[in-house]
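Some notes on the structure that comes next.
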Amino acid sequence: QAPSKYYLNGKYEHVGASWATRENTEQEIENVLAYLDELYEKEALKNAKNLILFGYSQGVSIVTRWIARRKIHCSKLILNSGRIPAELKPEDFAFLEGTEISFIYGTEDPFVNKEFLESEEKRIRELFPKNLTFIP
């Protein structure tokens with residue numbers, strides 16, 4: 001779950017969460033990646049036999065940046081209803097040979113429309129040409 005929480009609509013009823021915003025984005029990303037680095041080290045996940053990474057919504061951009069920048073190997077990468085950052089290229093993920101990649105999306109999710117699916121499916125197929133599954 002994203003570490004930054006806030007009340008939605010100023011009514012103090014519903015809580016939202018965010019990984020990063022437009023303000024100081026790169027610093028926020030580096031802070032979150034440092035947090036993930038610390039968890040990865042403390043939990044000794046480098047030696048995990050079956051490491052499964054899951055990103056939901058904004059977490060898709062965080063987990064893909066973390067994997068690409070830190071060259072994190074995993075057994076499975078599950079991406080749910082989010083976008084992969086534009087700066088990431090196929091060569092950033094070339095080391096993931098054999099990793100199972102899944103893209104999951106809600107068929108009634110108001111943020112996942114036809115345009116989103118078409119553009120993101122094309123992008124994901126370019127980044128992860130092997131071991132890829134789409135799950136509506």
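By order in the structure tokens, chains are A, B, ...; within a chain, residues start at 1; ligands start at 1, following the order shown.
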* To do: Would you kindly return, as a ChimeraX atom specification, each protein, DNA or RNA residue with an atom no farther than 9 Å from any atom of range 126-133 of chain A, considering only C-alpha atoms and excluding same-chain residues fewer than 6 positions away?
  => /A:88-94,96-104
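Listed by chain and then by rising number, the residues of chain A that DSSP assigns to strand (DSSP E) from the backbone are A:Ser4, A:Lys5, A:Tyr6, A:Tyr7, A:Val15, A:Gly16, A:Ala17, A:Ser18, A:Ile52, A:Leu53, A:Phe54, A:Gly55, A:Tyr56, A:Lys76, A:Leu77, A:Ile78, A:Leu79, A:Asn80, A:Glu100, A:Ile101, A:Ser102, A:Phe103, A:Ile104, A:Leu132, A:Thr133, A:Phe134, A:Ile135.
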Who sits within 12 Å of Lys49 in chain A, only C-alpha atoms, same chain under 6 positions skipped, as a compact mmCIF listing (two decimals) with N, CA and C atoms, in the first residue's frame:
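Heads up, here's the output in part.txt:
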# COMPACT_ATOMS: atom_id res chain seq x y z
N HIS A 73 15.39 -9.38 -9.41
CA HIS A 73 14.87 -10.60 -10.03
C HIS A 73 13.66 -11.09 -9.23
N CYS A 74 12.66 -11.59 -9.95
CA CYS A 74 11.49 -12.15 -9.28
C CYS A 74 10.93 -13.30 -10.12
N SER A 75 10.16 -14.16 -9.46
CA SER A 75 9.53 -15.29 -10.15
C SER A 75 8.32 -14.82 -10.95
N LYS A 76 7.55 -13.91 -10.31
CA LYS A 76 6.34 -13.39 -10.94
C LYS A 76 6.26 -11.90 -10.69
Range 56-120 of chain A residues near range 19-39 of chain A within 10 Å, closest pair each, using only C-alpha atoms, as CSV:
residue,atom,partner,partner_atom,distance
A:Ser57,CA,A:Trp19,CA,9.7
A:Gln58,CA,A:Trp19,CA,6.5
A:Gly59,CA,A:Trp19,CA,7.1
A:Ser61,CA,A:Trp19,CA,9.1
A:Ile62,CA,A:Ile29,CA,7.4
A:Val63,CA,A:Leu33,CA,8.7
A:Arg65,CA,A:Leu33,CA,8.2
A:Trp66,CA,A:Leu33,CA,6.0
A:Ile67,CA,A:Leu33,CA,9.6
A:Arg69,CA,A:Leu33,CA,9.1
A:Arg70,CA,A:Asp37,CA,8.5
A:Ile72,CA,A:Asp37,CA,9.8
* To do: Using backbone DSSP assignments, extract all helix (DSSP H, G or I) residues from range 22-133 of chain A; output them as number ranges by chain.
  => A: 25-42, 45-47, 58-70, 90-96, 114-127
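For the choices A:Ile124, A:Ala48, A:Ala68, A:Leu117, the atom-to-atom distance to Ile84 in chain A is smallest for A:Ile124 when using only C-alpha atoms.
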